[in-house]
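One file, input-v3.tsv, is given below (TSV, C-alpha atoms).
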```tsv
chain	number	residue	atom	x	y	z
S	64	MET	CA	6.92	9.24	-20.74
S	65	THR	CA	3.76	7.19	-21.10
S	66	PHE	CA	3.73	3.52	-20.15
S	67	PRO	CA	1.12	0.92	-21.13
S	68	LEU	CA	0.68	-0.15	-17.50
S	69	TYR	CA	0.76	1.90	-14.29
S	70	VAL	CA	0.83	-0.18	-11.11
S	71	PHE	CA	0.04	1.37	-7.74
S	72	ASP	CA	0.60	0.30	-4.19
S	73	ALA	CA	-2.65	0.72	-2.27
S	74	TYR	CA	-2.06	1.48	1.42
S	75	GLY	CA	-0.26	4.76	1.87
S	76	THR	CA	-0.22	5.51	-1.86
S	77	LEU	CA	-3.85	5.57	-2.97
S	78	PHE	CA	-5.40	5.18	0.50
S	79	ASP	CA	-4.52	7.24	3.56
S	80	VAL	CA	-3.66	4.68	6.25
S	81	HIS	CA	-3.97	7.31	8.98
S	82	SER	CA	-7.52	8.28	8.06
S	83	ALA	CA	-8.97	5.47	10.21
S	84	VAL	CA	-7.64	6.94	13.44
S	85	ALA	CA	-8.35	10.48	12.23
S	86	ARG	CA	-12.05	9.59	11.98
S	87	HIS	CA	-12.20	8.22	15.51
S	88	GLY	CA	-9.71	10.31	17.42
S	89	ASP	CA	-12.35	11.05	20.03
S	90	LEU	CA	-12.58	7.33	20.84
S	91	VAL	CA	-8.81	6.96	21.08
S	92	GLY	CA	-7.90	10.02	23.12
S	93	PRO	CA	-4.76	12.17	23.29
S	94	GLN	CA	-2.45	9.43	22.00
S	95	ALA	CA	-4.35	9.05	18.72
S	96	ALA	CA	-1.48	10.21	16.49
S	97	ARG	CA	1.04	7.98	18.28
S	98	LEU	CA	-1.30	5.00	18.05
S	99	SER	CA	-1.77	5.52	14.32
S	100	GLU	CA	1.99	5.62	13.69
S	101	LEU	CA	2.63	2.53	15.82
S	102	TRP	CA	-0.22	0.67	14.15
S	103	ARG	CA	1.25	1.23	10.71
S	104	MET	CA	4.82	0.47	11.79
S	105	LYS	CA	3.92	-2.85	13.42
S	106	GLN	CA	1.65	-3.84	10.54
S	107	LEU	CA	4.57	-3.49	8.13
S	108	GLU	CA	7.03	-5.15	10.50
S	109	TYR	CA	4.76	-8.18	10.76
S	110	THR	CA	4.63	-8.55	6.96
S	111	TRP	CA	8.42	-8.54	6.67
S	112	THR	CA	9.14	-10.86	9.58
S	113	ARG	CA	6.44	-13.38	8.64
S	114	SER	CA	7.60	-13.47	5.03
S	115	LEU	CA	11.15	-14.19	6.16
S	116	MET	CA	10.01	-16.87	8.60
S	117	GLY	CA	7.65	-18.52	6.16
S	118	ALA	CA	4.85	-18.10	8.70
S	119	TYR	CA	2.21	-16.36	6.61
S	120	ARG	CA	-0.91	-14.77	8.03
S	121	ASP	CA	-3.00	-12.55	5.80
S	122	PHE	CA	-2.89	-8.77	5.90
S	123	ASP	CA	-6.25	-8.45	7.64
S	124	ALA	CA	-5.06	-10.60	10.55
S	125	LEU	CA	-1.80	-8.66	10.82
S	126	THR	CA	-3.68	-5.37	10.78
S	127	GLU	CA	-5.71	-6.52	13.79
S	128	GLU	CA	-2.64	-7.76	15.64
S	129	ALA	CA	-0.79	-4.52	14.95
S	130	LEU	CA	-3.70	-2.48	16.27
S	131	ASP	CA	-3.80	-4.51	19.46
S	132	PHE	CA	-0.07	-3.98	19.99
S	133	ALA	CA	-0.29	-0.24	19.30
S	134	ALA	CA	-3.29	0.13	21.60
S	135	ALA	CA	-1.48	-1.67	24.42
S	136	ARG	CA	1.53	0.62	24.03
S	137	CYS	CA	-0.75	3.65	24.21
S	138	GLY	CA	-2.57	2.60	27.39
S	139	GLY	CA	-5.39	0.61	25.82
S	140	ILE	CA	-8.59	1.41	23.93
S	141	SER	CA	-12.18	0.35	24.44
S	142	PRO	CA	-13.78	-2.54	22.52
S	143	GLN	CA	-15.94	0.11	20.83
S	144	ALA	CA	-12.88	2.00	19.63
S	145	ARG	CA	-11.18	-1.19	18.42
S	146	ALA	CA	-14.22	-2.21	16.37
S	147	ALA	CA	-14.60	1.29	14.93
S	148	LEU	CA	-10.94	1.49	13.90
S	149	LEU	CA	-10.92	-1.90	12.21
S	150	GLU	CA	-14.10	-1.02	10.33
S	151	ALA	CA	-12.60	2.32	9.29
S	152	TYR	CA	-9.46	0.60	8.03
S	153	GLU	CA	-11.57	-1.29	5.50
S	154	THR	CA	-13.02	1.98	4.18
S	155	LEU	CA	-9.98	4.25	4.26
S	156	ASP	CA	-10.13	7.66	2.61
S	157	ALA	CA	-8.44	7.91	-0.76
S	158	PHE	CA	-5.92	10.72	-1.06
S	159	PRO	CA	-7.46	13.67	-2.95
S	160	ASP	CA	-5.00	13.27	-5.82
S	161	ALA	CA	-5.75	9.57	-6.39
S	162	ALA	CA	-8.89	9.71	-8.53
S	163	PRO	CA	-7.75	12.59	-10.80
S	164	ALA	CA	-4.39	10.91	-11.44
S	165	LEU	CA	-5.96	7.55	-12.26
S	166	LYS	CA	-8.46	9.20	-14.59
S	167	ALA	CA	-5.75	11.15	-16.40
S	168	LEU	CA	-3.71	7.99	-16.98
S	169	ARG	CA	-6.71	6.09	-18.29
S	170	ASP	CA	-7.60	9.00	-20.56
S	171	ARG	CA	-4.12	8.56	-22.07
S	172	GLY	CA	-4.91	4.92	-22.81
S	173	ALA	CA	-2.93	3.32	-19.99
S	174	LYS	CA	-4.09	0.48	-17.79
S	175	THR	CA	-4.14	1.16	-14.03
S	176	VAL	CA	-3.69	-1.70	-11.58
S	177	ILE	CA	-3.17	-2.11	-7.83
S	178	LEU	CA	-0.46	-4.45	-6.50
S	179	SER	CA	-0.89	-4.74	-2.76
S	180	ASN	CA	-0.28	-6.79	0.36
S	181	GLY	CA	-3.98	-6.41	1.13
S	182	THR	CA	-6.41	-9.29	0.81
S	183	PRO	CA	-8.72	-9.34	-2.23
S	184	ARG	CA	-11.77	-8.80	0.00
S	185	ALA	CA	-10.25	-5.81	1.79
S	186	LEU	CA	-9.00	-4.24	-1.42
S	187	SER	CA	-12.38	-4.63	-3.09
S	188	ARG	CA	-14.11	-2.93	-0.20
S	189	ALA	CA	-11.58	-0.09	0.00
S	190	ILE	CA	-11.75	0.56	-3.74
S	191	ALA	CA	-15.55	0.62	-3.69
S	192	SER	CA	-15.83	2.85	-0.63
S	193	ALA	CA	-13.38	5.32	-2.19
S	194	GLY	CA	-15.28	5.30	-5.51
S	195	LEU	CA	-12.24	4.18	-7.53
S	196	GLN	CA	-13.73	1.05	-9.09
S	197	ASP	CA	-14.20	2.64	-12.52
S	198	LEU	CA	-10.65	4.01	-12.53
S	199	LEU	CA	-8.80	0.72	-11.99
S	200	ASP	CA	-8.56	-2.29	-14.26
S	201	GLU	CA	-8.06	-4.66	-11.32
S	202	SER	CA	-6.15	-5.29	-8.11
S	203	LEU	CA	-3.51	-7.99	-7.64
S	204	SER	CA	-2.98	-9.29	-4.12
S	205	ALA	CA	0.10	-10.78	-2.48
S	206	ASP	CA	-2.37	-13.05	-0.69
S	207	PHE	CA	-2.44	-15.22	-3.84
S	208	LEU	CA	1.14	-16.29	-3.06
S	209	GLY	CA	1.13	-16.30	0.73
S	210	ARG	CA	4.01	-13.83	0.98
S	211	PHE	CA	4.37	-10.06	1.11
S	212	LYS	CA	6.31	-7.39	-0.74
S	213	THR	CA	9.26	-7.01	-1.18
S	214	ALA	CA	9.47	-10.70	-2.24
S	215	PRO	CA	10.24	-10.67	-6.00
S	216	GLU	CA	7.45	-13.13	-6.77
S	217	ILE	CA	4.88	-10.52	-5.70
S	218	TYR	CA	6.10	-8.07	-8.36
S	219	ARG	CA	6.22	-10.96	-10.82
S	220	LEU	CA	2.43	-11.24	-10.57
S	221	VAL	CA	2.14	-8.23	-12.88
S	222	GLY	CA	4.04	-9.79	-15.77
S	223	ALA	CA	2.31	-13.13	-15.31
S	224	ARG	CA	-1.07	-11.43	-15.56
S	225	TYR	CA	-0.38	-9.00	-18.40
S	226	GLY	CA	2.42	-10.65	-20.38
S	227	ILE	CA	4.55	-7.54	-20.07
S	228	GLU	CA	8.24	-6.99	-19.34
S	229	PRO	CA	9.18	-5.24	-16.06
S	230	GLN	CA	10.71	-2.23	-17.84
S	231	GLN	CA	7.33	-1.55	-19.48
S	232	VAL	CA	5.69	-1.05	-16.08
S	233	SER	CA	5.58	2.22	-14.15
S	234	PHE	CA	5.27	1.36	-10.45
S	235	GLN	CA	4.10	4.00	-7.95
S	236	SER	CA	4.41	3.76	-4.17
S	237	SER	CA	4.76	6.12	-1.23
S	238	ASN	CA	6.68	3.42	0.67
S	239	ARG	CA	10.40	3.74	0.00
S	240	TRP	CA	11.05	0.09	0.88
S	241	ASP	CA	8.45	-0.92	-1.74
S	242	ILE	CA	10.13	1.28	-4.32
S	243	ALA	CA	13.46	-0.40	-3.50
S	244	GLY	CA	11.95	-3.85	-4.01
S	245	ALA	CA	10.24	-2.88	-7.26
S	246	THR	CA	13.42	-1.22	-8.57
S	247	LYS	CA	15.44	-4.34	-7.81
S	248	PHE	CA	12.82	-6.38	-9.67
S	249	GLY	CA	13.17	-4.18	-12.76
S	250	PHE	CA	10.13	-1.90	-12.76
S	251	ARG	CA	10.45	1.76	-13.62
S	252	THR	CA	9.64	3.23	-10.20
S	253	VAL	CA	8.12	6.48	-8.99
S	254	TRP	CA	8.42	7.30	-5.29
S	255	VAL	CA	5.45	9.38	-4.11
S	256	ASN	CA	7.24	11.13	-1.27
S	257	ARG	CA	4.25	12.85	0.28
S	258	ALA	CA	5.98	13.51	3.60
S	259	GLY	CA	9.24	14.86	2.18
S	260	ALA	CA	11.15	12.02	3.86
S	261	PRO	CA	14.92	11.63	3.43
S	262	ASP	CA	16.01	9.07	0.88
S	263	GLU	CA	17.33	5.62	1.74
S	264	TYR	CA	18.30	2.46	-0.17
S	265	ARG	CA	20.71	4.59	-2.17
S	266	ASP	CA	21.72	1.64	-4.36
S	267	LEU	CA	18.08	1.17	-5.45
S	268	LEU	CA	17.04	4.62	-6.61
S	269	PRO	CA	13.62	5.43	-8.12
S	270	ALA	CA	13.38	6.77	-11.64
S	271	ARG	CA	11.39	9.73	-10.32
S	272	VAL	CA	10.47	11.31	-7.00
S	273	ILE	CA	7.19	13.22	-6.83
S	274	ALA	CA	5.27	14.83	-4.00
S	275	THR	CA	1.77	14.03	-5.27
S	276	LEU	CA	0.17	11.75	-7.82
S	277	SER	CA	-0.85	14.79	-9.83
S	278	GLU	CA	2.75	14.95	-11.09
S	279	LEU	CA	2.48	11.65	-12.98
```

Represent the structure contained in this file as structure tokens.
Amino acid sequence: MTFPLYVFDAYGTLFDVHSAVARHGDLVGPQAARLSELWRMKQLEYTWTRSLMGAYRDFDALTEEALDFAAARCGGISPQARAALLEAYETLDAFPDAAPALKALRDRGAKTVILSNGTPRALSRAIASAGLQDLLDESLSADFLGRFKTAPEIYRLVGARYGIEPQQVSFQSSNRWDIAGATKFGFRTVWVNRAGAPDEYRDLLPARVIATLSEL
């Protein structure tokens, strides 16, 4: 099926969130992989808890706080390593399948849009560094509303911007919790299950499960 609008999560779906630590593993040491996992887990946890509390801080600030927590749990990192990791997070590697998939969709006449928790500044820099700017119509940021996904009003940004009904939108994310939120909102959802993870949120199933974006 072809949809007029394909909406993508950014971090973990188009951009590899673990590529920052992968670039600077020598500065982190033997706990690099553990630090990367903790960094991502705490970053997401902070978005959920702050949305529920109504105590918003933007995604850039939470990314820094999550790194500091992860580093402390892993025995600490140098100021040089901290600065390098935060810089690398703003210029994450795109997954190899991202650009070809976006191009194929646009060649079919579809619009391609990001819907992300990231700040507009961070998204703009990540898109440019990955060379995806000509393959995306725009990026919509949860920062506009001062809340994070999976709040329904974040998904509502798409319809408000494009005057389109939820069922006309194909929403792609590698984050199963994001797919659950988008399914509940009414999008047609595609879970990009890169890691072959077990399913969850069984009452909020995606329309499709794929291993790579090349299957779109």

CA of Phe158 (chain S) to CA of Phe78 (chain S), distance in Å rounded to a single decimal:
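According to the coordinates, CA of Phe158 (chain S) and CA of Phe78 (chain S) are separated by 5.8 Å.
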
Please list as a ChimeraX atom specification every residue within 10 Å of Asp206 (chain S), counting all atoms listed in the file and excluding residues in the same chain fewer than 4 positions away.
/S:119-122,179-183,210-211,217

One decimal, Å: what's the distance from CA of Arg136 (chain S) over to CA of Tyr109 (chain S), could you say?
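Those two atoms sit 16.2 Å apart.
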
What are the nearest atom pairs, with distances in Å to one decimal, for all residues of region 117-184 of chain S that come at most 10 Å from region 81-92 of chain S, using all atoms listed in the file, set out by chain and rising residue number as CSV?
```
residue,atom,partner,partner_atom,distance
S:Ala134,CA,S:Val91,CA,8.8
S:Cys137,CA,S:Val91,CA,9.3
S:Gly138,CA,S:Val91,CA,9.9
S:Gly139,CA,S:Val91,CA,8.6
S:Ile140,CA,S:Val91,CA,6.2
S:Ser141,CA,S:Leu90,CA,7.9
S:Gln143,CA,S:Leu90,CA,8.0
S:Ala144,CA,S:Leu90,CA,5.5
S:Arg145,CA,S:Val91,CA,8.9
S:Ala147,CA,S:His87,CA,7.4
S:Leu148,CA,S:Ala83,CA,5.8
S:Leu149,CA,S:Ala83,CA,7.9
S:Glu150,CA,S:Ala83,CA,8.3
S:Ala151,CA,S:Ala83,CA,4.9
S:Tyr152,CA,S:Ala83,CA,5.4
S:Glu153,CA,S:Ala83,CA,8.6
S:Thr154,CA,S:Ala83,CA,8.1
S:Leu155,CA,S:Ser82,CA,6.1
S:Asp156,CA,S:Ser82,CA,6.1
S:Ala157,CA,S:Ser82,CA,8.9
S:Phe158,CA,S:Ser82,CA,9.6
```

Quick one, how far is CA of Leu268 (chain S) from CA of Trp111 (chain S)?
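Between CA of Leu268 (chain S) and CA of Trp111 (chain S) the gap is 20.6 Å.
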